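Asker: Provided below: query.cif, containing mmCIF, C-alpha atoms and all ligand atoms.
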data_input
loop_
_atom_site.label_atom_id
_atom_site.label_comp_id
_atom_site.auth_asym_id
_atom_site.auth_seq_id
_atom_site.Cartn_x
_atom_site.Cartn_y
_atom_site.Cartn_z
CA MET P 600 0.00 0.00 0.00
CA LEU P 601 2.70 2.47 1.05
CA GLN P 602 4.87 1.46 -1.87
CA TYR P 603 1.92 1.89 -4.18
CA ILE P 604 1.50 5.48 -3.04
CA ILE P 605 5.19 6.34 -3.30
CA VAL P 606 5.56 4.90 -6.80
CA SER P 607 2.67 6.91 -8.11
CA THR P 608 3.60 10.33 -6.78
CA THR P 609 5.72 11.37 -9.71
CA GLY P 610 5.38 11.58 -13.42
CA THR P 611 2.63 10.32 -15.63
CA VAL P 612 -0.25 8.04 -14.68
CA LEU P 613 -2.48 6.17 -17.11
CA ILE P 614 -5.87 5.05 -15.87
CA ARG P 615 -6.79 2.49 -18.42
CA GLY P 616 -9.87 0.74 -19.73
CA ALA P 617 -12.72 1.98 -17.53
CA ARG P 618 -15.97 0.38 -18.51
CA GLN P 619 -17.64 3.74 -17.88
CA LEU P 620 -15.54 6.88 -17.59
CA LEU P 621 -17.85 9.62 -16.30
CA THR P 622 -16.14 12.82 -17.39
CA LEU P 623 -18.92 15.29 -16.50
CA ARG P 624 -17.43 17.44 -19.26
CA GLY P 625 -19.69 20.15 -20.56
CA PRO P 626 -20.45 23.85 -20.42
CA LYS P 627 -18.69 26.11 -17.91
CA GLU P 628 -21.99 26.98 -16.21
CA PRO P 629 -23.77 24.97 -13.50
CA ARG P 630 -25.88 22.11 -14.91
CA ARG P 631 -29.64 22.54 -14.96
CA ARG P 632 -32.62 20.56 -16.23
CA ALA P 633 -31.67 17.99 -18.93
CA ALA P 634 -27.96 18.88 -18.67
CA LEU P 635 -27.97 17.31 -15.20
CA ASN P 636 -28.56 13.95 -16.87
CA ASP P 637 -25.53 14.22 -19.16
CA LEU P 638 -22.52 12.62 -17.47
CA GLY P 639 -20.29 12.80 -20.56
CA ILE P 640 -19.70 9.03 -20.43
CA ILE P 641 -16.91 7.41 -22.40
CA HIS P 642 -17.36 3.64 -22.68
CA ASP P 643 -14.00 1.87 -22.46
CA GLY P 644 -12.38 5.15 -21.46
CA SER P 645 -8.87 6.06 -20.33
CA LEU P 646 -7.25 9.05 -18.76
CA LEU P 647 -3.72 10.38 -18.77
CA ILE P 648 -2.53 12.39 -15.76
CA ARG P 649 0.67 14.40 -15.56
CA ASP P 650 1.88 16.07 -12.37
CA GLY P 651 -1.55 15.77 -10.82
CA ILE P 652 -3.39 17.36 -13.74
CA VAL P 653 -5.65 15.61 -16.23
CA GLU P 654 -3.84 15.80 -19.56
CA GLU P 655 -5.93 13.65 -21.88
CA VAL P 656 -9.32 11.94 -21.65
CA GLY P 657 -10.75 9.66 -24.31
CA THR P 658 -11.28 6.14 -25.57
CA THR P 659 -8.71 3.61 -24.44
CA ARG P 660 -7.65 2.96 -28.02
CA ARG P 661 -6.74 6.63 -28.54
CA ILE P 662 -5.15 7.32 -25.16
CA GLU P 663 -2.99 4.16 -24.97
CA ASN P 664 -1.47 4.96 -28.35
CA LEU P 665 -0.26 8.38 -27.29
CA ALA P 666 3.54 8.58 -27.06
CA ARG P 667 3.21 10.16 -23.61
CA ALA P 668 1.28 7.11 -22.34
CA ARG P 669 4.15 4.74 -23.07
CA ASN P 670 6.12 5.06 -19.84
CA ALA P 671 3.24 5.99 -17.62
CA MET P 672 2.46 4.17 -14.43
CA GLU P 673 -0.66 2.24 -15.24
CA ILE P 674 -3.77 1.70 -13.15
CA ASN P 675 -6.07 -0.93 -14.56
CA ALA P 676 -9.72 0.17 -14.41
CA ALA P 677 -11.10 -2.67 -16.53
CA GLY P 678 -14.73 -3.46 -15.79
CA ARG P 679 -15.03 -0.51 -13.41
CA VAL P 680 -16.45 3.01 -13.23
CA VAL P 681 -14.12 6.02 -13.07
CA MET P 682 -15.62 9.36 -12.05
CA PRO P 683 -14.65 12.72 -10.52
CA GLY P 684 -14.21 12.81 -6.75
CA PHE P 685 -17.23 14.05 -4.83
CA VAL P 686 -17.39 17.72 -3.86
CA ASP P 687 -19.17 17.93 -0.50
CA CYS P 688 -20.13 21.61 -0.53
CA HIS P 689 -21.94 21.84 2.82
CA THR P 690 -20.69 20.36 6.10
CA HIS P 691 -20.43 21.28 9.76
CA LEU P 692 -17.17 19.37 10.12
CA VAL P 693 -15.97 21.07 13.31
CA PHE P 694 -19.06 22.52 14.97
CA PRO P 695 -20.80 21.55 17.18
CA PRO P 696 -17.83 19.50 18.40
CA SER P 697 -18.32 15.89 19.40
CA GLY P 698 -17.84 14.54 22.92
CA GLY P 699 -19.86 15.05 26.11
CA PRO P 700 -23.65 15.34 26.43
CA ASP P 701 -25.67 17.16 23.76
CA PRO P 702 -24.91 20.84 24.40
CA ASP P 703 -26.90 23.98 23.57
CA GLU P 704 -25.11 26.39 21.24
CA HIS P 705 -23.57 28.44 24.01
CA THR P 706 -22.16 25.34 25.71
CA ALA P 707 -20.94 24.03 22.36
CA ALA P 708 -18.98 27.25 21.82
CA ARG P 709 -17.49 26.86 25.32
CA LEU P 710 -16.58 23.27 24.45
CA VAL P 711 -14.60 24.60 21.48
CA CYS P 712 -12.63 26.88 23.79
CA SER P 713 -11.94 24.17 26.37
CA ASN P 714 -10.73 21.64 23.81
CA THR P 715 -7.15 21.97 22.61
CA HIS P 716 -6.46 22.91 19.01
CA GLN P 717 -4.70 19.56 18.55
CA ARG P 718 -7.70 17.64 19.73
CA LEU P 719 -10.16 19.50 17.50
CA GLU P 720 -7.80 19.08 14.57
CA ALA P 721 -7.30 15.35 15.21
CA ARG P 722 -11.06 14.74 15.36
CA ALA P 723 -11.72 16.70 12.19
CA ARG P 724 -8.86 14.91 10.45
CA SER P 725 -10.30 11.51 11.26
CA HIS P 726 -13.63 12.61 9.74
CA LEU P 727 -11.82 13.91 6.65
CA GLU P 728 -10.00 10.61 6.26
CA ALA P 729 -13.31 8.75 6.44
CA MET P 730 -14.66 11.12 3.77
CA ALA P 731 -11.65 10.33 1.55
CA ARG P 732 -12.33 6.62 1.96
CA HIS P 733 -15.89 7.26 0.77
CA GLY P 734 -14.81 9.25 -2.26
CA THR P 735 -14.92 12.91 -1.27
CA THR P 736 -11.99 14.96 -2.59
CA THR P 737 -13.12 18.54 -1.77
CA VAL P 738 -15.12 19.56 1.27
CA GLU P 739 -16.56 22.76 2.65
CA ALA P 740 -16.65 23.26 6.41
CA LYS P 741 -18.64 25.86 8.32
CA THR P 742 -17.98 27.45 11.70
CA GLY P 743 -21.07 28.52 13.67
CA CYS P 744 -20.15 29.46 17.26
CA GLY P 745 -22.06 32.74 17.00
CA ALA P 746 -20.38 36.01 17.91
CA ASP P 747 -17.91 34.24 20.22
CA GLU P 748 -14.75 35.57 18.65
CA SER P 749 -12.20 33.31 20.34
CA ALA P 750 -14.20 30.17 19.54
CA GLU P 751 -14.72 31.22 15.92
CA MET P 752 -11.07 32.10 15.42
CA LYS P 753 -10.03 28.80 16.95
CA LEU P 754 -12.24 26.82 14.57
CA LEU P 755 -10.97 28.81 11.60
CA ARG P 756 -7.36 28.12 12.60
CA VAL P 757 -8.18 24.41 12.89
CA LEU P 758 -9.70 24.46 9.41
CA SER P 759 -6.71 26.36 8.08
CA ALA P 760 -4.37 23.66 9.45
CA LEU P 761 -6.41 21.04 7.59
CA LYS P 762 -6.60 22.95 4.31
CA HIS P 763 -4.92 20.57 1.86
CA ASP P 764 -4.30 17.26 3.57
CA PRO P 765 -5.69 14.82 2.54
CA LEU P 766 -8.60 16.78 0.99
CA ASP P 767 -9.09 20.38 0.00
CA VAL P 768 -11.04 22.02 2.81
CA VAL P 769 -12.87 25.25 2.02
CA ALA P 770 -13.69 27.23 5.16
CA THR P 771 -16.94 29.18 5.56
CA PHE P 772 -17.75 31.61 8.33
CA LEU P 773 -21.31 30.83 9.45
CA LEU P 774 -23.15 33.56 11.33
CA ARG P 775 -25.38 32.00 13.93
CA LEU P 776 -27.30 34.39 16.16
CA PRO P 777 -27.79 33.88 19.88
CA PRO P 778 -31.05 31.98 20.63
CA ASP P 779 -34.41 33.77 20.78
CA GLU P 780 -34.48 33.91 24.57
CA SER P 781 -31.49 36.26 24.60
CA GLY P 782 -33.78 38.97 23.21
CA GLU P 783 -33.59 41.10 20.13
CA GLU P 784 -31.05 43.49 21.55
CA ALA P 785 -28.51 40.72 22.15
CA ARG P 786 -29.10 39.39 18.65
CA GLN P 787 -28.63 42.81 17.06
CA ALA P 788 -25.47 43.34 19.10
CA ALA P 789 -24.12 40.00 17.88
CA ILE P 790 -24.65 41.02 14.25
CA GLU P 791 -22.94 44.36 14.89
CA SER P 792 -19.86 42.85 16.49
CA VAL P 793 -19.55 40.30 13.71
CA LEU P 794 -19.84 42.98 11.05
CA THR P 795 -17.51 45.52 12.56
CA GLU P 796 -14.84 43.30 14.12
CA LEU P 797 -14.91 39.59 13.46
CA LEU P 798 -15.63 39.49 9.74
CA PRO P 799 -13.02 42.14 8.76
CA LYS P 800 -10.43 40.28 10.85
CA ILE P 801 -11.28 36.96 9.17
CA ARG P 802 -10.95 38.64 5.80
CA ARG P 803 -7.59 40.24 6.62
CA ARG P 804 -6.19 36.89 7.71
CA ARG P 805 -7.84 35.07 4.81
CA LEU P 806 -9.27 32.45 7.14
CA ALA P 807 -12.58 31.89 5.34
CA ARG P 808 -13.64 31.84 1.72
CA PHE P 809 -17.41 32.38 2.20
CA ALA P 810 -19.73 34.19 4.60
CA ASP P 811 -22.84 32.20 5.44
CA LEU P 812 -25.76 32.98 7.73
CA VAL P 813 -28.32 30.88 9.53
CA TRP P 814 -31.65 32.36 8.43
CA ASP P 815 -33.61 32.74 11.61
CA SER P 816 -36.03 35.62 11.29
CA ASP P 817 -37.64 35.24 14.73
CA GLY P 818 -37.04 38.60 16.35
CA VAL P 819 -34.63 39.75 13.64
CA SER P 820 -35.83 41.71 10.63
CA PRO P 821 -34.83 40.45 7.18
CA GLU P 822 -33.26 43.91 6.68
CA CYS P 823 -30.66 42.98 9.31
CA PHE P 824 -29.63 39.94 7.31
CA ALA P 825 -29.64 41.97 4.12
CA ARG P 826 -27.18 44.35 5.77
CA TYR P 827 -24.95 41.44 6.77
CA LEU P 828 -24.94 40.16 3.19
CA ARG P 829 -24.18 43.63 1.76
CA LEU P 830 -21.31 44.25 4.15
CA ALA P 831 -19.88 40.75 3.81
CA ARG P 832 -19.90 41.12 0.06
CA GLY P 833 -18.33 44.53 0.40
CA LEU P 834 -15.47 42.89 2.30
CA GLY P 835 -15.02 40.46 -0.59
CA PHE P 836 -16.87 37.40 0.71
CA PRO P 837 -19.16 35.53 -1.65
CA CYS P 838 -22.21 34.72 0.50
CA LYS P 839 -24.40 31.75 1.35
CA ILE P 840 -27.68 31.32 3.22
CA HIS P 841 -28.48 28.39 5.50
CA ALA P 842 -32.30 28.08 5.35
CA ASP P 843 -33.45 25.13 7.42
CA GLN P 844 -36.31 26.96 9.15
CA ARG P 845 -40.02 26.80 8.44
CA SER P 846 -41.36 29.30 5.86
CA PRO P 847 -38.16 29.95 3.92
CA ALA P 848 -39.84 32.25 1.35
CA ALA P 849 -38.15 35.39 2.73
CA ALA P 850 -34.78 33.63 2.78
CA ILE P 851 -35.24 32.61 -0.87
CA ALA P 852 -36.20 36.17 -1.90
CA THR P 853 -33.16 37.59 -0.09
CA ALA P 854 -30.86 34.95 -1.65
CA ILE P 855 -31.98 35.92 -5.14
CA GLU P 856 -31.88 39.66 -4.49
CA HIS P 857 -28.36 39.52 -3.06
CA LEU P 858 -27.02 37.05 -5.63
CA VAL P 859 -25.79 34.66 -2.97
CA VAL P 860 -23.70 31.78 -4.31
CA SER P 861 -25.91 29.16 -2.70
CA ILE P 862 -28.90 28.64 -0.48
CA SER P 863 -29.10 25.35 1.36
CA HIS P 864 -31.47 23.03 3.22
CA LEU P 865 -34.96 24.27 2.11
CA GLU P 866 -36.52 21.17 3.70
CA HIS P 867 -39.62 23.22 4.51
CA ALA P 868 -40.00 24.91 1.14
CA THR P 869 -43.02 24.20 -1.05
CA ALA P 870 -42.93 23.74 -4.81
CA ALA P 871 -44.37 27.27 -5.13
CA ASP P 872 -41.70 28.74 -2.80
CA VAL P 873 -38.87 27.53 -5.00
CA LEU P 874 -40.22 28.72 -8.37
CA PRO P 875 -38.28 32.05 -8.27
CA LEU P 876 -35.00 30.07 -8.02
CA GLY P 877 -35.62 28.78 -11.54
CA GLY P 878 -33.58 31.25 -13.55
CA SER P 879 -31.41 32.41 -10.68
CA PRO P 880 -27.62 32.02 -10.57
CA THR P 881 -27.97 30.96 -6.91
CA MET P 882 -27.20 27.27 -6.42
CA VAL P 883 -29.59 25.28 -4.24
CA THR P 884 -27.76 22.80 -2.01
CA LEU P 885 -29.88 19.80 -1.09
CA LEU P 886 -29.06 17.77 2.01
CA PRO P 887 -31.06 14.52 2.09
CA GLY P 888 -28.77 13.04 4.78
CA GLY P 889 -29.88 15.84 7.10
CA SER P 890 -33.52 15.00 6.36
CA LEU P 891 -32.92 11.33 7.09
CA HIS P 892 -31.42 12.10 10.49
CA ASN P 893 -33.59 15.02 11.54
CA GLY P 894 -37.25 14.45 10.97
CA GLY P 895 -37.81 13.42 7.41
CA HIS P 896 -38.75 16.60 5.54
CA TYR P 897 -37.10 16.60 2.12
CA ALA P 898 -36.59 19.67 -0.06
CA PRO P 899 -38.74 19.72 -3.23
CA ALA P 900 -35.92 18.58 -5.49
CA ARG P 901 -38.02 17.69 -8.54
CA ALA P 902 -39.83 21.02 -8.44
CA LEU P 903 -36.45 22.77 -8.30
CA ILE P 904 -35.07 20.85 -11.28
CA ASP P 905 -38.25 21.38 -13.29
CA ALA P 906 -38.17 25.09 -12.51
CA GLY P 907 -34.63 25.23 -13.93
CA ALA P 908 -32.76 25.74 -10.66
CA ALA P 909 -29.14 24.65 -10.39
CA ILE P 910 -28.88 22.08 -7.61
CA ALA P 911 -25.97 20.60 -5.67
CA LEU P 912 -25.96 17.73 -3.19
CA ALA P 913 -23.99 17.63 0.05
CA THR P 914 -23.90 15.69 3.33
CA ASN P 915 -24.60 18.44 5.92
CA PHE P 916 -22.20 16.30 7.98
CA ASN P 917 -22.06 17.25 11.64
CA PRO P 918 -20.45 14.89 14.15
CA ARG P 919 -23.41 15.24 16.54
CA HIS P 920 -26.66 15.39 14.62
CA THR P 921 -25.90 14.30 11.04
CA PRO P 922 -23.03 11.86 11.31
CA MET P 923 -23.46 10.50 7.78
CA LEU P 924 -20.41 11.57 5.78
CA SER P 925 -20.71 9.42 2.65
CA MET P 926 -21.55 11.27 -0.56
CA GLN P 927 -22.38 7.86 -2.06
CA ALA P 928 -25.17 7.53 0.50
CA VAL P 929 -26.30 11.08 -0.28
CA VAL P 930 -26.50 10.27 -3.99
CA ALA P 931 -28.54 7.15 -3.22
CA LEU P 932 -30.89 9.02 -0.87
CA ALA P 933 -31.43 11.77 -3.43
CA CYS P 934 -32.65 9.09 -5.83
CA LEU P 935 -34.62 7.02 -3.33
CA ARG P 936 -36.24 9.86 -1.40
CA MET P 937 -36.19 12.92 -3.66
CA GLY P 938 -36.85 11.36 -7.05
CA LEU P 939 -33.58 12.30 -8.76
CA THR P 940 -32.08 10.08 -11.44
CA ALA P 941 -28.67 8.63 -10.67
CA ALA P 942 -27.12 10.89 -13.31
CA GLU P 943 -28.77 14.04 -11.91
CA ALA P 944 -27.55 13.14 -8.43
CA ILE P 945 -23.97 12.55 -9.63
CA SER P 946 -23.89 15.89 -11.49
CA ALA P 947 -25.19 17.61 -8.36
CA ALA P 948 -22.59 15.85 -6.18
CA THR P 949 -19.59 16.70 -8.39
CA ILE P 950 -19.58 19.55 -10.91
CA ASN P 951 -22.45 21.52 -9.38
CA GLY P 952 -20.96 21.10 -5.91
CA ALA P 953 -17.77 22.59 -7.33
CA HIS P 954 -19.77 25.54 -8.67
CA ALA P 955 -21.27 26.04 -5.20
CA LEU P 956 -17.69 26.42 -3.91
CA GLY P 957 -16.45 28.58 -6.77
CA CYS P 958 -13.88 25.98 -7.83
CA ALA P 959 -15.51 24.42 -10.89
CA ASP P 960 -12.60 25.64 -13.01
CA ARG P 961 -10.33 23.19 -11.14
CA VAL P 962 -12.44 20.27 -9.89
CA GLY P 963 -15.81 18.55 -10.37
CA SER P 964 -15.18 17.05 -13.82
CA LEU P 965 -12.45 15.09 -15.59
CA GLU P 966 -11.29 17.39 -18.37
CA PRO P 967 -7.82 18.41 -19.57
CA GLY P 968 -6.29 21.06 -17.34
CA LYS P 969 -8.28 20.11 -14.25
CA SER P 970 -6.99 18.50 -11.07
CA ALA P 971 -6.94 14.70 -11.25
CA ASP P 972 -9.35 14.22 -8.34
CA LEU P 973 -11.05 10.96 -9.15
CA LEU P 974 -12.52 7.68 -8.00
CA LEU P 975 -12.35 4.10 -9.16
CA LEU P 976 -15.59 2.38 -8.20
CA ASP P 977 -15.91 -1.36 -7.76
CA VAL P 978 -18.96 -1.54 -10.05
CA SER P 979 -19.42 -1.72 -13.80
CA ASP P 980 -22.36 0.71 -13.96
CA TYR P 981 -22.68 4.05 -12.15
CA ARG P 982 -26.36 3.33 -11.38
CA GLU P 983 -25.17 0.81 -8.77
CA LEU P 984 -24.48 3.86 -6.59
CA THR P 985 -28.21 4.17 -6.00
CA ARG P 986 -28.89 0.44 -5.68
CA GLN P 987 -26.21 -0.47 -3.16
CA PHE P 988 -27.25 1.99 -0.48
CA GLY P 989 -24.85 1.95 2.45
CA ALA P 990 -22.05 0.09 0.67
CA ASN P 991 -18.70 1.75 0.09
CA LEU P 992 -18.03 1.16 -3.61
CA VAL P 993 -14.80 3.16 -3.71
CA ARG P 994 -11.76 1.10 -4.68
CA LEU P 995 -9.39 4.02 -5.09
CA THR P 996 -9.54 7.74 -4.32
CA MET P 997 -7.06 10.05 -6.04
CA LYS P 998 -6.39 13.66 -5.11
CA ARG P 999 -4.29 15.68 -7.58
CA GLY P 1000 -3.22 12.45 -9.24
CA LYS P 1001 -2.06 10.78 -6.03
CA PRO P 1002 -3.88 7.85 -4.47
CA ILE P 1003 -5.02 8.91 -1.00
CA TYR P 1004 -7.08 5.78 -0.37
CA LYS P 1005 -7.00 2.26 -1.70
CA ALA P 1006 -9.45 -0.43 -0.58
CA GLY P 1007 -7.92 -3.32 1.30
CA GLU P 1008 -8.24 -7.01 0.72
CA VAL P 1009 -10.39 -9.35 2.76
CA ALA P 1010 -8.22 -12.24 3.97
CA ARG P 1011 -9.15 -15.78 3.05
CA ARG P 1012 -8.62 -18.63 5.46
CA PRO P 1013 -6.03 -21.16 4.30
CA PRO P 1014 -7.63 -24.47 3.13
CA ARG P 1015 -6.13 -26.54 5.99
CA GLU P 1016 -7.74 -24.32 8.61
CA LEU P 1017 -11.09 -24.58 6.81
CA ARG P 1018 -10.96 -28.37 6.92
CA ARG P 1019 -10.30 -28.30 10.63
CA GLY P 1020 -13.01 -25.71 11.34
ZN ZN M 1101 -26.35 22.73 7.48
#
Just give me the structure as structure tokens.

Answerer:
Amino acid sequence: MLQYIIVSTTGTVLIRGARQLLTLRGPKEPRRRAALNDLGIIHDGSLLIRDGIVEEVGTTRRIENLARARNAMEINAAGRVVMPGFVDCHTHLVFPPSGGPDPDEHTAARLVCSNTHQRLEARARSHLEAMARHGTTTVEAKTGCGADESAEMKLLRVLSALKHDPLDVVATFLLRLPPDESGEEARQAAIESVLTELLPKIRRRRLARFADLVWDSDGVSPECFARYLRLARGLGFPCKIHADQRSPAAAIATAIEHLVVSISHLEHATAADVLPLGGSPTMVTLLPGGSLHNGGHYAPARALIDAGAAIALATNFNPRHTPMLSMQAVVALACLRMGLTAAEAISAATINGAHALGCADRVGSLEPGKSADLLLLDVSDYRELTRQFGANLVRLTMKRGKPIYKAGEVARRPPRELRRG
């Protein structure tokens, strides 16, 4: 295993003879409607990688005859599916932290402060490694301690330490207001301190890529959130909205008006609520794993697709309440519970997820010039992803052309032992 990884870290790699090579190649824009069903499949496909970058993609016959393929290290993909690594564009990787009894938000923030950086980092790293084993190659991670500056900065430093190893981690500052009981004044004060102190500091130190907010309009006027979005954008943050509350119509209207990059959850939205998202550049991130764990409402995915909305799929992973971190399971759930086709779900979990993170120029599809972030699946048809719910079908995960996970063998008992047993 170790040798395998060392051998393959340099030079050219040829992935040869995939039964289905899902390239996801296509237009530069997020996929909508029928385009979601186009996986750009090459039957008997091969792929040439140089220095971590996809150099050539095509039929095996063409690629294996290229002069550059001659001395390449070869990975045999015969009979298998090769596809881009999953982009998990919405997780709560580090907050609320695991360990101890279920805390309220204030206690959870205190828990962040009382844990050492090393401990928080080690826990997050073990989750990231599990994600890599299940085929994720890029992941977004949100904070969410509220206006507690020291807790927020600590989480952001943890995320910064985890940035590129083994996955790319994209950090998002998530504004979460103090609970209702604290009163409107406390909530307004929290927004003010975030806007005037915390957010500019995060920007100066480049600790987060996006500014997100938990839409919670009880006691806070939508104008307050609009101000947050305006100022965050003014500081240079692309914005997101986290809309898991009942009646998300106001959140949807604000998302469209302020051109946020993505709005997520929408478990309580109706088909009529989501119509305005049809022609909007705002990505809708669907989180069926969250629905499975937390009460069973699913976002109206079919209505969104039919309206022409761009959709992405993500885990909403959170070590406490949504511990499911497999994007394979998310793809299966999207098909089984939300009525997506396997192809729509895969597009949403790869290229559209990359769009939701502003990195679709580098990841999310297997095209020349892009990072060789890819998976070898132990199946001959991608539709098995939806049939084998709960199974890990990943045989190999590659990040920038390097294997970061390879499935192990199951030992067989020697014949003599079998006779005795
Ligand atoms: Zn969430």

Asker: One decimal, Å: what's the distance from atom CA of P:Asn714 over to atom CA of P:Asp767, could you say?

Answerer: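 One can read the atom CA of P:Asn714 to atom CA of P:Asp767 distance as 23.9 Å.
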
Asker: Please indicate the distance in Å from atom CA of P:His763 to atom CA of P:Leu719, rounded to one decimal place.

Answerer: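 These two atoms are separated by 16.5 Å.
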
Asker: Distance limit 8 Å, reference ligand ZN 1101 (chain M), atoms considered: all atoms listed in the file. Which residues make the cut? Give them as a ChimeraX atom specification.

Answerer: /P:689-691,841,843,863-864,886,889,915-916

Asker: Would you output that residue set with C-alpha atoms, as an mmCIF file, in the frame of the given file?

Answerer:
data_model
loop_
_atom_site.group_PDB
_atom_site.id
_atom_site.type_symbol
_atom_site.label_atom_id
_atom_site.label_comp_id
_atom_site.auth_asym_id
_atom_site.auth_seq_id
_atom_site.Cartn_x
_atom_site.Cartn_y
_atom_site.Cartn_z
ATOM 1 C CA HIS P 689 -21.940 21.840 2.820
ATOM 2 C CA THR P 690 -20.690 20.360 6.100
ATOM 3 C CA HIS P 691 -20.430 21.280 9.760
ATOM 4 C CA HIS P 841 -28.480 28.390 5.500
ATOM 5 C CA ASP P 843 -33.450 25.130 7.420
ATOM 6 C CA SER P 863 -29.100 25.350 1.360
ATOM 7 C CA HIS P 864 -31.470 23.030 3.220
ATOM 8 C CA LEU P 886 -29.060 17.770 2.010
ATOM 9 C CA GLY P 889 -29.880 15.840 7.100
ATOM 10 C CA ASN P 915 -24.600 18.440 5.920
ATOM 11 C CA PHE P 916 -22.200 16.300 7.980
#

Asker: When you draw a straight line from atom CA of P:Gly957 to atom CA of P:Leu776, how long is it in Å?

Answerer: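 These two atoms are separated by 26.0 Å.
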
Asker: Out of P:Glu655, P:Glu866, P:Asp811, P:Glu748, which residue has the shortest atom-to-atom distance to P:Lys839 when counting all atoms listed in the file?

Answerer: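 Going through P:Glu655, P:Glu866, P:Asp811, P:Glu748 one by one, the smallest distance to P:Lys839 is for P:Asp811.
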
Asker: Ranking P:Arg829, P:Arg631, P:Asn893, P:Ser781 by minimum distance to P:Ser879 and counting all atoms listed in the file, which one comes first?

Answerer: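 Of P:Arg829, P:Arg631, P:Asn893, P:Ser781, the one nearest P:Ser879 is P:Arg631, counting all atoms listed in the file.
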
Asker: Measuring atom to atom with all atoms listed in the file, identify which of P:Thr921, P:Ala906, P:Pro887, P:Asn670 is nearest to P:Arg936.

Answerer: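 Of the candidates, the smallest distance to P:Arg936 is held by P:Pro887.
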
Asker: Starting from the sparse input, extend stretch 987-998 of chain P to N, CA, C and O atoms and give the output as a PDB file, keeping the file's coordinate frame.

Answerer:
ATOM      1  N   GLN P 987     -26.915   0.134  -4.300  1.00  0.00           N
ATOM      2  CA  GLN P 987     -26.210  -0.470  -3.160  1.00  0.00           C
ATOM      3  C   GLN P 987     -26.091   0.530  -2.023  1.00  0.00           C
ATOM      4  O   GLN P 987     -25.002   0.887  -1.587  1.00  0.00           O
ATOM      5  N   PHE P 988     -27.236   0.988  -1.547  1.00  0.00           N
ATOM      6  CA  PHE P 988     -27.250   1.990  -0.480  1.00  0.00           C
ATOM      7  C   PHE P 988     -26.492   1.487   0.755  1.00  0.00           C
ATOM      8  O   PHE P 988     -26.736   0.385   1.219  1.00  0.00           O
ATOM      9  N   GLY P 989     -25.581   2.309   1.233  1.00  0.00           N
ATOM     10  CA  GLY P 989     -24.850   1.950   2.450  1.00  0.00           C
ATOM     11  C   GLY P 989     -23.529   1.241   2.199  1.00  0.00           C
ATOM     12  O   GLY P 989     -22.711   1.135   3.107  1.00  0.00           O
ATOM     13  N   ALA P 990     -23.316   0.763   0.965  1.00  0.00           N
ATOM     14  CA  ALA P 990     -22.050   0.090   0.670  1.00  0.00           C
ATOM     15  C   ALA P 990     -21.010   1.123   0.256  1.00  0.00           C
ATOM     16  O   ALA P 990     -21.347   2.131  -0.361  1.00  0.00           O
ATOM     17  N   ASN P 991     -19.756   0.885   0.600  1.00  0.00           N
ATOM     18  CA  ASN P 991     -18.700   1.750   0.090  1.00  0.00           C
ATOM     19  C   ASN P 991     -18.141   1.121  -1.186  1.00  0.00           C
ATOM     20  O   ASN P 991     -17.454   0.107  -1.138  1.00  0.00           O
ATOM     21  N   LEU P 992     -18.426   1.719  -2.317  1.00  0.00           N
ATOM     22  CA  LEU P 992     -18.030   1.160  -3.610  1.00  0.00           C
ATOM     23  C   LEU P 992     -16.683   1.688  -4.082  1.00  0.00           C
ATOM     24  O   LEU P 992     -16.213   1.320  -5.152  1.00  0.00           O
ATOM     25  N   VAL P 993     -16.053   2.550  -3.272  1.00  0.00           N
ATOM     26  CA  VAL P 993     -14.800   3.160  -3.710  1.00  0.00           C
ATOM     27  C   VAL P 993     -13.642   2.163  -3.584  1.00  0.00           C
ATOM     28  O   VAL P 993     -13.404   1.611  -2.515  1.00  0.00           O
ATOM     29  N   ARG P 994     -12.949   1.954  -4.692  1.00  0.00           N
ATOM     30  CA  ARG P 994     -11.760   1.100  -4.680  1.00  0.00           C
ATOM     31  C   ARG P 994     -10.511   1.945  -4.525  1.00  0.00           C
ATOM     32  O   ARG P 994      -9.542   1.548  -3.899  1.00  0.00           O
ATOM     33  N   LEU P 995     -10.558   3.135  -5.126  1.00  0.00           N
ATOM     34  CA  LEU P 995      -9.390   4.020  -5.090  1.00  0.00           C
ATOM     35  C   LEU P 995      -9.863   5.470  -5.129  1.00  0.00           C
ATOM     36  O   LEU P 995     -10.735   5.810  -5.917  1.00  0.00           O
ATOM     37  N   THR P 996      -9.289   6.294  -4.256  1.00  0.00           N
ATOM     38  CA  THR P 996      -9.540   7.740  -4.320  1.00  0.00           C
ATOM     39  C   THR P 996      -8.228   8.417  -4.661  1.00  0.00           C
ATOM     40  O   THR P 996      -7.202   8.155  -4.025  1.00  0.00           O
ATOM     41  N   MET P 997      -8.256   9.285  -5.673  1.00  0.00           N
ATOM     42  CA  MET P 997      -7.060  10.050  -6.040  1.00  0.00           C
ATOM     43  C   MET P 997      -7.318  11.538  -5.830  1.00  0.00           C
ATOM     44  O   MET P 997      -8.371  12.050  -6.198  1.00  0.00           O
ATOM     45  N   LYS P 998      -6.337  12.203  -5.241  1.00  0.00           N
ATOM     46  CA  LYS P 998      -6.390  13.660  -5.110  1.00  0.00           C
ATOM     47  C   LYS P 998      -5.167  14.213  -5.822  1.00  0.00           C
ATOM     48  O   LYS P 998      -4.031  13.813  -5.508  1.00  0.00           O
TER      49      LYS P 998
END
